[in-house]
>>> print(open('structure14.cif').read())   # mmCIF, C-alpha atoms
data_query
loop_
_atom_site.label_atom_id
_atom_site.label_comp_id
_atom_site.auth_asym_id
_atom_site.auth_seq_id
_atom_site.Cartn_x
_atom_site.Cartn_y
_atom_site.Cartn_z
CA MET H 1 -64.07 -16.60 -143.66
CA SER H 2 -61.29 -17.96 -141.46
CA SER H 3 -57.57 -18.54 -141.30
CA SER H 4 -55.66 -20.98 -139.15
CA ASN H 5 -55.26 -18.41 -136.39
CA PHE H 6 -58.06 -15.87 -136.87
CA THR H 7 -61.67 -15.60 -138.02
CA VAL H 8 -63.50 -12.80 -139.84
CA GLU H 9 -67.04 -11.74 -138.99
CA SER H 10 -69.14 -9.31 -141.05
CA CYS H 11 -71.76 -7.02 -139.57
CA LYS H 12 -73.60 -3.72 -140.10
CA VAL H 13 -72.94 -0.70 -137.90
CA ASP H 14 -75.33 2.27 -137.74
CA SER H 15 -73.80 5.68 -138.34
CA GLU H 16 -75.46 9.10 -138.43
CA GLU H 17 -78.05 10.07 -141.07
CA GLY H 18 -79.28 6.46 -141.18
CA VAL H 19 -76.07 5.25 -142.85
CA LYS H 20 -75.27 1.56 -142.42
CA LEU H 21 -71.58 0.65 -142.47
CA HIS H 22 -70.41 -2.74 -143.73
CA THR H 23 -67.89 -3.79 -141.11
CA ARG H 24 -65.50 -6.73 -140.68
CA ILE H 25 -63.92 -7.90 -137.43
CA PHE H 26 -60.72 -9.92 -137.69
CA LYS H 27 -60.64 -11.93 -134.47
CA PRO H 28 -57.54 -13.85 -133.37
CA ARG H 29 -58.24 -17.32 -132.05
CA ASP H 30 -55.73 -16.65 -129.29
CA ALA H 31 -55.59 -13.01 -128.19
CA TYR H 32 -52.69 -11.75 -126.12
CA ASP H 33 -53.04 -12.22 -122.36
CA ASP H 34 -50.99 -9.12 -121.55
CA ASP H 35 -52.07 -5.50 -121.27
CA ASP H 36 -52.55 -5.21 -125.05
CA GLY H 37 -55.20 -7.94 -125.05
CA ASN H 38 -58.07 -5.46 -124.79
CA LEU H 39 -56.74 -3.08 -127.45
CA VAL H 40 -58.61 -3.08 -130.76
CA ILE H 41 -57.15 -1.65 -133.97
CA VAL H 42 -59.62 0.20 -136.20
CA LEU H 43 -58.38 0.79 -139.76
CA VAL H 44 -59.73 3.54 -142.04
CA HIS H 45 -59.36 2.98 -145.79
CA PRO H 46 -58.13 5.36 -148.54
CA PHE H 47 -60.26 7.91 -150.42
CA SER H 48 -63.54 6.27 -151.40
CA LEU H 49 -64.05 8.64 -154.35
CA MET H 50 -60.88 7.14 -155.88
CA GLY H 51 -61.97 3.56 -155.24
CA GLY H 52 -60.87 3.25 -151.62
CA CYS H 53 -62.64 0.55 -149.60
CA GLN H 54 -61.99 -1.77 -146.69
CA ALA H 55 -60.80 -4.58 -148.99
CA LEU H 56 -57.54 -2.63 -149.39
CA LEU H 57 -56.87 -3.10 -145.68
CA LYS H 58 -57.64 -6.82 -145.53
CA GLY H 59 -53.95 -7.74 -145.70
CA ILE H 60 -52.86 -5.50 -142.82
CA ALA H 61 -55.88 -6.51 -140.71
CA SER H 62 -55.12 -10.19 -141.32
CA GLU H 63 -51.48 -9.71 -140.33
CA LEU H 64 -52.50 -7.88 -137.15
CA ALA H 65 -55.04 -10.57 -136.25
CA SER H 66 -52.37 -13.20 -136.80
CA LYS H 67 -50.25 -11.32 -134.24
CA GLY H 68 -53.07 -11.50 -131.69
CA PHE H 69 -54.90 -8.19 -132.13
CA TRP H 70 -58.58 -7.68 -132.84
CA SER H 71 -58.63 -5.62 -136.04
CA VAL H 72 -61.63 -3.89 -137.57
CA THR H 73 -62.12 -2.62 -141.13
CA PHE H 74 -65.22 -0.98 -142.57
CA ASP H 75 -66.46 0.75 -145.69
CA THR H 76 -67.14 4.43 -145.02
CA ARG H 77 -70.42 5.86 -146.35
CA GLY H 78 -70.85 5.33 -150.09
CA ALA H 79 -67.99 2.84 -150.34
CA GLY H 80 -68.28 -0.92 -150.84
CA LYS H 81 -71.46 -2.29 -149.30
CA SER H 82 -72.10 0.68 -147.01
CA THR H 83 -75.07 2.95 -147.67
CA GLY H 84 -75.03 6.72 -147.94
CA ARG H 85 -72.97 9.01 -150.13
CA ALA H 86 -69.23 9.66 -150.00
CA THR H 87 -68.05 13.24 -149.48
CA LEU H 88 -65.20 15.15 -151.09
CA THR H 89 -63.55 16.44 -147.91
CA GLY H 90 -64.22 13.45 -145.63
CA PHE H 91 -65.95 15.24 -142.77
CA ALA H 92 -69.11 13.10 -142.89
CA GLU H 93 -66.83 10.03 -142.92
CA VAL H 94 -65.38 11.14 -139.57
CA LYS H 95 -68.83 10.41 -138.13
CA ASP H 96 -68.51 6.86 -139.50
CA VAL H 97 -65.18 6.33 -137.72
CA ILE H 98 -66.71 7.58 -134.47
CA ALA H 99 -69.76 5.32 -134.95
CA VAL H 100 -67.61 2.19 -135.39
CA CYS H 101 -65.50 3.04 -132.33
CA ARG H 102 -68.55 3.68 -130.16
CA TRP H 103 -70.19 0.49 -131.42
CA LEU H 104 -67.11 -1.52 -130.41
CA SER H 105 -67.16 0.11 -127.00
CA GLN H 106 -70.84 -0.63 -126.46
CA GLU H 107 -71.03 -4.12 -127.98
CA PHE H 108 -67.72 -5.55 -126.79
CA GLU H 109 -66.77 -3.24 -123.88
CA VAL H 110 -63.66 -2.19 -125.76
CA ASP H 111 -61.89 0.53 -123.78
CA ARG H 112 -58.67 0.94 -125.80
CA ILE H 113 -58.65 1.67 -129.53
CA LEU H 114 -55.76 2.41 -131.87
CA LEU H 115 -56.91 4.31 -134.96
CA VAL H 116 -54.97 3.62 -138.17
CA GLY H 117 -55.67 5.67 -141.30
CA SER H 118 -54.34 4.88 -144.77
CA SER H 119 -53.84 7.72 -147.27
CA ALA H 120 -57.01 9.90 -147.20
CA GLY H 121 -58.18 7.67 -144.36
CA ALA H 122 -55.41 9.23 -142.25
CA PRO H 123 -56.91 12.75 -142.06
CA ILE H 124 -60.38 11.24 -141.57
CA ALA H 125 -59.17 9.02 -138.71
CA GLY H 126 -57.13 11.91 -137.29
CA SER H 127 -60.22 14.08 -136.97
CA ALA H 128 -61.89 11.36 -134.88
CA VAL H 129 -59.05 10.81 -132.38
CA GLU H 130 -60.11 13.43 -129.83
CA GLN H 131 -63.82 12.70 -130.31
CA VAL H 132 -63.57 9.14 -128.98
CA GLU H 133 -62.50 8.71 -125.37
CA GLN H 134 -61.41 5.10 -125.96
CA VAL H 135 -58.84 6.04 -128.63
CA VAL H 136 -55.40 5.81 -127.04
CA GLY H 137 -53.19 6.31 -130.09
CA TYR H 138 -53.02 6.97 -133.82
CA VAL H 139 -51.03 5.69 -136.79
CA SER H 140 -51.00 7.37 -140.20
CA LEU H 141 -49.96 5.41 -143.29
CA GLY H 142 -49.16 8.03 -145.93
CA TYR H 143 -50.94 11.12 -144.57
CA PRO H 144 -51.49 13.47 -147.57
CA PHE H 145 -50.06 16.71 -146.14
CA GLY H 146 -48.95 18.10 -149.52
CA LEU H 147 -50.30 21.27 -151.09
CA MET H 148 -52.70 19.72 -153.61
CA ALA H 149 -54.11 17.17 -151.14
CA SER H 150 -54.52 19.93 -148.56
CA VAL H 151 -57.13 21.58 -150.79
CA LEU H 152 -59.37 18.64 -149.85
CA PHE H 153 -58.04 17.60 -146.45
CA GLY H 154 -56.31 20.67 -145.01
CA ARG H 155 -59.08 21.35 -142.51
CA HIS H 156 -58.40 17.97 -140.90
CA HIS H 157 -54.76 18.77 -140.03
CA LYS H 158 -55.34 20.73 -136.82
CA ALA H 159 -57.37 17.99 -135.12
CA ILE H 160 -54.60 15.41 -135.15
CA LEU H 161 -51.67 17.82 -134.77
CA SER H 162 -53.23 19.32 -131.62
CA SER H 163 -54.08 15.94 -130.06
CA PRO H 164 -51.87 15.00 -127.08
CA LYS H 165 -52.36 11.28 -127.80
CA PRO H 166 -49.36 9.29 -129.13
CA LYS H 167 -49.02 9.55 -132.91
CA LEU H 168 -46.96 7.75 -135.53
CA PHE H 169 -46.65 8.96 -139.13
CA VAL H 170 -45.44 6.30 -141.59
CA MET H 171 -44.47 7.44 -145.08
CA GLY H 172 -42.42 6.44 -148.11
CA THR H 173 -39.63 8.89 -148.94
CA GLN H 174 -40.88 9.01 -152.55
CA ASP H 175 -44.51 9.78 -151.60
CA GLY H 176 -45.99 11.82 -154.46
CA PHE H 177 -48.47 13.68 -152.25
CA THR H 178 -46.17 14.72 -149.40
CA SER H 179 -42.42 15.30 -149.36
CA VAL H 180 -40.30 14.37 -146.34
CA SER H 181 -39.62 18.07 -145.73
CA GLN H 182 -43.37 18.84 -145.85
CA LEU H 183 -44.03 16.07 -143.33
CA LYS H 184 -41.34 17.29 -140.93
CA LYS H 185 -42.49 20.89 -141.23
CA LYS H 186 -46.10 19.92 -140.43
CA LEU H 187 -45.11 17.79 -137.45
CA LYS H 188 -43.07 20.58 -135.84
CA SER H 189 -46.31 21.99 -134.47
CA ALA H 190 -47.64 18.63 -133.24
CA ALA H 191 -48.59 18.23 -129.59
CA GLY H 192 -47.68 15.23 -127.44
CA ARG H 193 -45.58 12.26 -128.50
CA THR H 194 -45.16 12.36 -132.29
CA GLU H 195 -42.96 9.95 -134.24
CA THR H 196 -42.16 9.25 -137.88
CA HIS H 197 -41.18 6.06 -139.67
CA LEU H 198 -39.83 6.64 -143.18
CA ILE H 199 -39.54 3.86 -145.75
CA GLU H 200 -36.70 4.61 -148.11
CA GLY H 201 -37.41 4.86 -151.84
CA VAL H 202 -41.09 3.88 -151.62
CA SER H 203 -43.96 5.80 -153.22
CA HIS H 204 -47.43 6.52 -151.83
CA PHE H 205 -49.24 3.83 -153.81
CA GLN H 206 -46.41 1.29 -153.43
CA MET H 207 -46.76 1.51 -149.66
CA GLU H 208 -50.52 0.94 -150.02
CA GLY H 209 -49.83 -2.25 -151.98
CA PRO H 210 -50.07 -5.78 -150.57
CA GLU H 211 -46.29 -6.31 -150.65
CA TYR H 212 -45.99 -3.84 -147.75
CA ASP H 213 -48.86 -5.20 -145.62
CA SER H 214 -46.59 -7.28 -143.41
CA GLN H 215 -44.17 -4.39 -142.86
CA MET H 216 -47.04 -2.02 -142.01
CA ALA H 217 -48.38 -4.53 -139.47
CA ASP H 218 -44.93 -4.84 -137.88
CA VAL H 219 -44.57 -1.06 -137.62
CA ILE H 220 -48.02 -0.79 -136.01
CA CYS H 221 -47.23 -3.58 -133.52
CA ASN H 222 -43.91 -1.99 -132.57
CA PHE H 223 -45.71 1.29 -131.93
CA ILE H 224 -48.29 -0.46 -129.73
CA ALA H 225 -45.50 -2.12 -127.75
CA SER H 226 -43.93 1.30 -127.11
CA MET H 227 -47.13 2.99 -125.97
#
>>> encode(input="structure14.cif", output="structure tokens")
Amino acid sequence: MSSSNFTVESCKVDSEEGVKLHTRIFKPRDAYDDDDGNLVIVLVHPFSLMGGCQALLKGIASELASKGFWSVTFDTRGAGKSTGRATLTGFAEVKDVIAVCRWLSQEFEVDRILLVGSSAGAPIAGSAVEQVEQVVGYVSLGYPFGLMASVLFGRHHKAILSSPKPKLFVMGTQDGFTSVSQLKKKLKSAAGRTETHLIEGVSHFQMEGPEYDSQMADVICNFIASM
């Protein structure tokens, strides 16, 4: 698969427990020559048990590649073409995020990674941030901090909130899983540089939709430029 200004390569990445992760690399034909040229963006998809898979992130990854950034999507265990079994709380999936990051470091000598998590992918990615030396920043797209979602993902909160690495939390003001006040309350305890970007009048699943892919890519790029 290719576009006028980027190509897409598919490969398999080995994770723990013998799991093989179906992975796609969106490679710009002309990467930036500045300091961001060696930064790779790894995107973690929404909850696989509700149909989440890397295909949902194709639009954002394509937009980022068009802007000159290597972008990587993958199916976590049990999703899409990856082997293994999905878990309810996402802790085994954290190992998959770490495996993809380490693979990029070993295969391509990548030394700067930005982790981006969408919906349930945000707590999963957040738990990997401090476990991968090469991760230099984190972006959450609709982190489910609300009470009901916290039953599943609450044990992930501390890992990202205690990380000193730069963090950006993007959310629609009409997110059905997390209210703006819940988000602000959670982030009061966050370490290091922590920013929010609120999108007025937009719901959780609207923001996940393709009509917001371009805006999400712009927000991510602006955050990278400020790091």
>>> resolve_selection(input="structure14.cif", expression="the PyMOL selection byres ((chain H and resi 191) around 7)", output="VMD selection string")
chain H and resid 161 to 164 189 to 190 192 to 193
>>> write_last_selection(input="structure14.cif", atoms="C-alpha atoms", output="PDB file, in the coordinates of the input")
ATOM      1  CA  LEU H 161     -51.670  17.820-134.770  1.00  0.00           C
ATOM      2  CA  SER H 162     -53.230  19.320-131.620  1.00  0.00           C
ATOM      3  CA  SER H 163     -54.080  15.940-130.060  1.00  0.00           C
ATOM      4  CA  PRO H 164     -51.870  15.000-127.080  1.00  0.00           C
ATOM      5  CA  SER H 189     -46.310  21.990-134.470  1.00  0.00           C
ATOM      6  CA  ALA H 190     -47.640  18.630-133.240  1.00  0.00           C
ATOM      7  CA  GLY H 192     -47.680  15.230-127.440  1.00  0.00           C
ATOM      8  CA  ARG H 193     -45.580  12.260-128.500  1.00  0.00           C
TER       9      ARG H 193
END
>>> closest_atom_pairs(input="structure14.cif", of="segment 126-180 of chain H", to="segment 202-206 of chain H", cutoff="9 Å", atoms="only C-alpha atoms", output="CSV")
residue,atom,partner,partner_atom,distance
H:Leu141,CA,H:His204,CA,9.0
H:Gly142,CA,H:His204,CA,6.3
H:Met171,CA,H:His204,CA,7.4
H:Gly172,CA,H:Val202,CA,4.5
H:Thr173,CA,H:Val202,CA,5.9
H:Gln174,CA,H:Ser203,CA,4.5
H:Asp175,CA,H:Ser203,CA,4.3
H:Gly176,CA,H:His204,CA,6.1
H:Phe177,CA,H:His204,CA,7.2
H:Thr178,CA,H:His204,CA,8.6
>>> closest_atom_pairs(input="structure14.cif", of="segment 90-194 of chain H", to="segment 52-69 of chain H", cutoff="12 Å", atoms="only C-alpha atoms", output="Markdown table")
| residue | atom | partner | partner_atom | distance |
| --- | --- | --- | --- | --- |
| H:Arg112 | CA | H:Phe69 | CA | 11.7 |
| H:Ile113 | CA | H:Phe69 | CA | 10.9 |
| H:Leu114 | CA | H:Phe69 | CA | 10.6 |
| H:Val116 | CA | H:Leu57 | CA | 10.3 |
| H:Gly117 | CA | H:Leu57 | CA | 9.9 |
| H:Ser118 | CA | H:Leu57 | CA | 8.4 |
| H:Ser119 | CA | H:Gly52 | CA | 9.4 |
| H:Ala120 | CA | H:Gly52 | CA | 8.9 |
| H:Gly121 | CA | H:Gly52 | CA | 8.9 |
| H:Leu141 | CA | H:Leu57 | CA | 11.2 |
>>> atom_distance(input="structure14.cif", atom1="atom CA of Ile25 of chain H", atom2="atom CA of Thr73 of chain H")
6.7 Å
>>> resolve_selection(input="structure14.cif", expression="the PyMOL selection byres ((chain H and resi 98-109) around 12)", output="PyMOL selection string")
chain H and resi 11-25+38-44+70-77+91-97+110-115+124-136
>>> closest_residue(input="structure14.cif", among="H:Gln215, H:Ser179, H:Ser226, H:Thr196", to="Pro144 of chain H", atoms="all atoms listed in the file")
H:Ser179
>>> atom_distance(input="structure14.cif", atom1="atom CA of Lys186 of chain H", atom2="atom CA of Ala225 of chain H")
25.4 Å
>>> atom_distance(input="structure14.cif", atom1="atom CA of Leu198 of chain H", atom2="atom CA of Tyr212 of chain H")
13.0 Å
>>> residues_near_point(input="structure14.cif", point="(-61.3, 20.9, -141.7)", cutoff="10 Å", atoms="only C-alpha atoms", output="JSON, numbers by chain")
{"H": [89, 90, 91, 123, 124, 127, 150, 152, 153, 154, 155, 156, 157, 158, 159]}
>>> closest_residue(input="structure14.cif", among="H:Ile199, H:Ala217, H:Gly146, H:Val170", to="Lys185 of chain H", atoms="all atoms listed in the file")
H:Gly146
>>> closest_residue(input="structure14.cif", among="H:Val180, H:Met50, H:Ala122, H:Glu200", to="Thr87 of chain H", atoms="only C-alpha atoms")
H:Met50
>>> closest_residue(input="structure14.cif", among="H:Pro166, H:Gly80, H:Pro28, H:Gly51", to="Ser140 of chain H", atoms="all atoms listed in the file")
H:Pro166
>>> decode(input="structure14.cif", residues="segment 16-115 of chain H", atoms="C-alpha atoms", output="PDB file, in the first residue's frame")
ATOM      1  CA  GLU H  16       5.794 -12.147  25.229  1.00  0.00           C
ATOM      2  CA  GLU H  17       4.099 -15.543  25.588  1.00  0.00           C
ATOM      3  CA  GLY H  18       4.819 -16.295  21.922  1.00  0.00           C
ATOM      4  CA  VAL H  19       2.311 -13.677  20.724  1.00  0.00           C
ATOM      5  CA  LYS H  20       2.871 -12.330  17.216  1.00  0.00           C
ATOM      6  CA  LEU H  21       1.679  -8.774  16.595  1.00  0.00           C
ATOM      7  CA  HIS H  22       0.488  -7.670  13.165  1.00  0.00           C
ATOM      8  CA  THR H  23       2.212  -4.324  12.710  1.00  0.00           C
ATOM      9  CA  ARG H  24       2.138  -1.586  10.067  1.00  0.00           C
ATOM     10  CA  ILE H  25       4.772   1.098   9.517  1.00  0.00           C
ATOM     11  CA  PHE H  26       3.678   4.263   7.731  1.00  0.00           C
ATOM     12  CA  LYS H  27       6.892   5.633   6.238  1.00  0.00           C
ATOM     13  CA  PRO H  28       7.090   9.131   4.748  1.00  0.00           C
ATOM     14  CA  ARG H  29       8.961   9.327   1.473  1.00  0.00           C
ATOM     15  CA  ASP H  30      10.612  12.499   2.745  1.00  0.00           C
ATOM     16  CA  ALA H  31      11.172  12.534   6.501  1.00  0.00           C
ATOM     17  CA  TYR H  32      11.982  15.767   8.274  1.00  0.00           C
ATOM     18  CA  ASP H  33      15.666  16.714   8.348  1.00  0.00           C
ATOM     19  CA  ASP H  34      15.373  18.523  11.679  1.00  0.00           C
ATOM     20  CA  ASP H  35      15.587  17.155  15.213  1.00  0.00           C
ATOM     21  CA  ASP H  36      12.187  15.440  14.898  1.00  0.00           C
ATOM     22  CA  GLY H  37      13.397  13.293  12.003  1.00  0.00           C
ATOM     23  CA  ASN H  38      14.321  10.381  14.263  1.00  0.00           C
ATOM     24  CA  LEU H  39      11.119  10.473  16.311  1.00  0.00           C
ATOM     25  CA  VAL H  40       8.654   7.649  15.674  1.00  0.00           C
ATOM     26  CA  ILE H  41       5.002   7.794  16.714  1.00  0.00           C
ATOM     27  CA  VAL H  42       3.543   4.526  18.017  1.00  0.00           C
ATOM     28  CA  LEU H  43      -0.269   4.463  18.165  1.00  0.00           C
ATOM     29  CA  VAL H  44      -2.256   2.126  20.437  1.00  0.00           C
ATOM     30  CA  HIS H  45      -5.822   1.322  19.353  1.00  0.00           C
ATOM     31  CA  PRO H  46      -9.079   1.296  21.387  1.00  0.00           C
ATOM     32  CA  PHE H  47     -10.412  -1.628  23.453  1.00  0.00           C
ATOM     33  CA  SER H  48     -10.029  -4.819  21.430  1.00  0.00           C
ATOM     34  CA  LEU H  49     -12.879  -6.545  23.293  1.00  0.00           C
ATOM     35  CA  MET H  50     -15.210  -3.890  21.836  1.00  0.00           C
ATOM     36  CA  GLY H  51     -13.831  -4.260  18.312  1.00  0.00           C
ATOM     37  CA  GLY H  52     -10.786  -2.018  18.636  1.00  0.00           C
ATOM     38  CA  CYS H  53      -7.994  -2.690  16.136  1.00  0.00           C
ATOM     39  CA  GLN H  54      -5.234  -0.849  14.328  1.00  0.00           C
ATOM     40  CA  ALA H  55      -7.459  -0.138  11.309  1.00  0.00           C
ATOM     41  CA  LEU H  56      -9.160   2.547  13.425  1.00  0.00           C
ATOM     42  CA  LEU H  57      -5.863   4.446  13.573  1.00  0.00           C
ATOM     43  CA  LYS H  58      -5.039   4.227   9.863  1.00  0.00           C
ATOM     44  CA  GLY H  59      -6.335   7.746   9.215  1.00  0.00           C
ATOM     45  CA  ILE H  60      -4.278   9.422  11.943  1.00  0.00           C
ATOM     46  CA  ALA H  61      -1.163   7.404  11.028  1.00  0.00           C
ATOM     47  CA  SER H  62      -1.576   8.370   7.364  1.00  0.00           C
ATOM     48  CA  GLU H  63      -1.938  12.045   8.272  1.00  0.00           C
ATOM     49  CA  LEU H  64       1.172  11.900  10.468  1.00  0.00           C
ATOM     50  CA  ALA H  65       3.182  10.136   7.747  1.00  0.00           C
ATOM     51  CA  SER H  66       2.065  12.785   5.282  1.00  0.00           C
ATOM     52  CA  LYS H  67       3.522  15.368   7.678  1.00  0.00           C
ATOM     53  CA  GLY H  68       6.881  13.575   7.669  1.00  0.00           C
ATOM     54  CA  PHE H  69       6.706  11.310  10.720  1.00  0.00           C
ATOM     55  CA  TRP H  70       7.234   7.572  10.830  1.00  0.00           C
ATOM     56  CA  SER H  71       4.026   6.227  12.382  1.00  0.00           C
ATOM     57  CA  VAL H  72       3.407   2.705  13.622  1.00  0.00           C
ATOM     58  CA  THR H  73       0.109   0.932  14.311  1.00  0.00           C
ATOM     59  CA  PHE H  74      -0.374  -2.644  15.468  1.00  0.00           C
ATOM     60  CA  ASP H  75      -3.068  -5.034  16.621  1.00  0.00           C
ATOM     61  CA  THR H  76      -2.637  -5.907  20.286  1.00  0.00           C
ATOM     62  CA  ARG H  77      -2.939  -9.586  21.243  1.00  0.00           C
ATOM     63  CA  GLY H  78      -6.225 -11.144  20.138  1.00  0.00           C
ATOM     64  CA  ALA H  79      -7.134  -8.232  17.867  1.00  0.00           C
ATOM     65  CA  GLY H  80      -7.077  -8.204  14.059  1.00  0.00           C
ATOM     66  CA  LYS H  81      -4.410 -10.514  12.688  1.00  0.00           C
ATOM     67  CA  SER H  82      -2.395 -10.740  15.915  1.00  0.00           C
ATOM     68  CA  THR H  83      -2.261 -14.020  17.819  1.00  0.00           C
ATOM     69  CA  GLY H  84      -2.956 -14.530  21.504  1.00  0.00           C
ATOM     70  CA  ARG H  85      -5.965 -13.588  23.589  1.00  0.00           C
ATOM     71  CA  ALA H  86      -7.177 -10.123  24.540  1.00  0.00           C
ATOM     72  CA  THR H  87      -7.507  -9.289  28.240  1.00  0.00           C
ATOM     73  CA  LEU H  88     -10.191  -7.371  30.101  1.00  0.00           C
ATOM     74  CA  THR H  89      -7.929  -4.949  31.978  1.00  0.00           C
ATOM     75  CA  GLY H  90      -5.228  -4.473  29.318  1.00  0.00           C
ATOM     76  CA  PHE H  91      -2.178  -5.391  31.373  1.00  0.00           C
ATOM     77  CA  ALA H  92      -0.976  -8.124  28.997  1.00  0.00           C
ATOM     78  CA  GLU H  93      -1.427  -5.620  26.149  1.00  0.00           C
ATOM     79  CA  VAL H  94       1.087  -3.307  27.853  1.00  0.00           C
ATOM     80  CA  LYS H  95       3.690  -5.987  27.081  1.00  0.00           C
ATOM     81  CA  ASP H  96       2.701  -5.698  23.404  1.00  0.00           C
ATOM     82  CA  VAL H  97       3.304  -1.934  23.408  1.00  0.00           C
ATOM     83  CA  ILE H  98       6.711  -2.465  25.002  1.00  0.00           C
ATOM     84  CA  ALA H  99       7.550  -5.205  22.468  1.00  0.00           C
ATOM     85  CA  VAL H 100       6.773  -2.946  19.479  1.00  0.00           C
ATOM     86  CA  CYS H 101       8.818  -0.075  20.941  1.00  0.00           C
ATOM     87  CA  ARG H 102      11.807  -2.316  21.651  1.00  0.00           C
ATOM     88  CA  TRP H 103      11.552  -3.865  18.190  1.00  0.00           C
ATOM     89  CA  LEU H 104      11.677  -0.403  16.604  1.00  0.00           C
ATOM     90  CA  SER H 105      14.691   0.455  18.713  1.00  0.00           C
ATOM     91  CA  GLN H 106      16.533  -2.730  17.777  1.00  0.00           C
ATOM     92  CA  GLU H 107      15.571  -2.974  14.092  1.00  0.00           C
ATOM     93  CA  PHE H 108      15.729   0.698  13.118  1.00  0.00           C
ATOM     94  CA  GLU H 109      17.863   2.242  15.902  1.00  0.00           C
ATOM     95  CA  VAL H 110      14.933   4.427  16.904  1.00  0.00           C
ATOM     96  CA  ASP H 111      15.871   6.392  20.019  1.00  0.00           C
ATOM     97  CA  ARG H 112      12.852   8.706  20.368  1.00  0.00           C
ATOM     98  CA  ILE H 113       9.274   7.427  20.539  1.00  0.00           C
ATOM     99  CA  LEU H 114       6.033   9.286  21.143  1.00  0.00           C
ATOM    100  CA  LEU H 115       3.315   6.973  22.463  1.00  0.00           C
TER     101      LEU H 115
END
